[in-house]
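**Student:** Sharing a structure with you now.
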Amino acid sequence: FEGIKVADFSWIMVGPTVSRILAEHGATVVRVESHSRPDMCRIQAPFRDFIPGVDRAGLFPTNNTNKYGISLDVSKPSGKKAALKLIEWADIVTDSFIPGTMDKLGLGYEEAKKINPNIIYYSTSSQGQDGPYAKFAAYGAQSAALAGLSLPCGRPDHDPVHLYGAYTDFIAPWYLLVAVIGALDRLRKTGKGMYIDQSQVEAGVTMMAPQILDYSINGRVVDRMGNRDLHAAPHGAYKCQGNDRWITIAVFTEQQWQDFSRAIGEPEWVKSLKFGTLADRKLNEDELDRLVSEWTADKTLEQVMQIMQSAGVPAGIVNKMEDIFNDPQLQHREHFVHLEHKVIGRHAYHNESIRFSKTPPEFKKAGPCLGEDNEYVYKELLGLTDDEIADMYVEGAITTENDLPAVAVF
């Protein structure tokens with residue numbers, strides 16, 4: 001993406017994740033923010049040394065590597081003028097607000113197209129740009145629930161539990177990235193841009209394909225099963241030695257059941273007719289899980305995983321965060337990249353899970369502090385004079401720490 005220029009007005013997760021990938025592969029990305037309304041990722045824990053601050057949160061830098069960061073209030077006349085100049089400079093404009101927000105600011109696609117006819121402009125929102133629910137405000141947590149992802153999660157005798165994190169935020173960027181790459185390919189071939197409208201809920205719905213098929217064909221509504229699976233037993237997380245240490249084991253086939261039985265020493269209970277077939281094991285699954293738990297309880301995670309995997313039975317450790325950092329496979333692949341942030345200091349960023357042999361990602365710059373690159377962007381990229389920049393400060397178009405609201409941190 002070298003030579004591609006991105007005016008990144010998006011915030012939180014999905015939009016910035018797409019522009020981050022572009023930046024890590026050569027694009028010049030300018031991240032537009034303001035102190036008066038900081039990105040939610042800037043006020044969300046964890047914070048460096050547990051001290052809240054807009055430049056101390058760990059989540060924001062993770063989504064914004066290699067980007068230049070400016071502080072700009074686009075509601076001010078000179079701020080809007082600078083934003084339009086940035087759009088004119090760009091090949092791609094990003095938007096992840098409630099539909100209509102950028103239009104109200106005079107920065108929507110139709111306005112952008114007037115000053116930059118070949119612009120690629122993507123809008124990613126909870127439910128798309130049109131329709132009866134388009135303007136419902138939502139984060140990934142609500143979008144995951146709307147996509148049907150939350151209902152199956154949890155135990156059958158309890159209410160649904162929320163998936164970890166804002167789950168659609170981890171699904172939607174990759175659909176959108178592919179669309180942007182397609183738009184760039186079209187731009188190179190035809191010289192024409194396009195508008196891309198993404199619904200994050202619809203991206204999440206695709207993850208429910210088996211359940212949608214089951215409902216459309218059989219009329220069956222998916223329900224909560226805890227850690228269980230319709231086609232496997234035992235199938236779950238089982239406690240091992242240590243504080244809150246668990247191992248997952250999944251037995252799908254009769255061959256795997258025989259291998260599992262031999263691996264644990266063929267105790268008498270595995271020969272019981274109650275566990276003779278998958279159907280029998282499903283009928284007696286509570287007792288089966290109890291017996292498997294008794295076998296794992298006095299063993300270490302590594303022992304159980306080694307025994308199971310050596311026997312050909314799928315099994316894996318439920319990792320804690322320290323396990324992730326110490327994982328030899330992740331270390332070998334250099335999954336964690338360490339960069340120097342101006343406030344946080346040296347800390348870990350994710351490498352990309354896909355490695356291109358000819359064009360690997362480059363990590364040149366930690367996620368920016370708010371307004372960190374004002375001088376470079378306004379002077380070098382947009383060509384503004386010192387007097388123009390000074391006037392923007394006077395008007396409040398270039399925001400500073402004095403504009404920070406008394407926001408709650410969490």
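Every chain in the structure tokens has a letter given in the order shown (A, B, ...), and although residue numbers restart at 1 in each chain, ligands are simply numbered from 1 in the order shown.
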Got a sec: who's within 7 Å of range 96-104 of chain A, counting only C-alpha atoms, leaving out chain neighbours fewer than 3 positions off, as an MDAnalysis selection string?
**Tutor:** chainID A and resid 10:11 15 107:108 123:125 129 134:135 137
**Student:** Among range 4-251 of chain A, which residues carry a DSSP assignment of helix (DSSP H, G or I), reported as an NGL selection string?
**Tutor:** :A and (14-24 or 40-43 or 48-50 or 59-62 or 77-89 or 101-104 or 109-115 or 140-146 or 167-170 or 172-190 or 200-218)
**Student:** Mind checking which residues fall within 8 Å of range 150-165 of chain A, counting only C-alpha atoms, ignoring those fewer than 4 positions away in the same chain, and posting them as a list of chain:residue names?
**Tutor:**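 Once the adjacent positions are removed, what remains is A:Gly140, A:Ala141, A:Ala144, A:Ala145, A:Val222, A:Asp223, A:Arg224, A:Met225, A:Gly226, A:Asn227.
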**Student:** Against range 304-322 of chain A, which residues of range 246-289 of chain A fall within 8 Å? For each one I want the closest pair of atoms and the distance in Å (one decimal), counting only C-alpha atoms, rows by chain and increasing residue number, as a Markdown table.
**Tutor:**
| residue | atom | partner | partner_atom | distance |
| --- | --- | --- | --- | --- |
| A:Trp246 | CA | A:Val318 | CA | 5.5 |
| A:Ile247 | CA | A:Ile317 | CA | 4.6 |
| A:Thr248 | CA | A:Gly316 | CA | 5.3 |
| A:Ile249 | CA | A:Ala315 | CA | 4.5 |
| A:Ala250 | CA | A:Pro314 | CA | 5.5 |
| A:Val251 | CA | A:Val313 | CA | 6.6 |
| A:Gln256 | CA | A:Val313 | CA | 5.8 |
| A:Asp259 | CA | A:Ala311 | CA | 5.8 |
| A:Phe260 | CA | A:Val313 | CA | 6.3 |
| A:Ala263 | CA | A:Ala311 | CA | 6.2 |
**Student:** Which residue gives the smallest distance to Ile87 in chain A among A:Glu111, A:Asp403, A:Glu388, A:Asp130, with only C-alpha atoms counted?
**Tutor:**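 Looking at the shortest contact to Ile87 in chain A, the residue is A:Glu111.
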**Student:** Please report the interatomic distance between CA of Asp280 in chain A and CA of Leu213 in chain A in Å with one decimal.
**Tutor:**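 Going from CA of Asp280 in chain A over to CA of Leu213 in chain A covers 26.2 Å.
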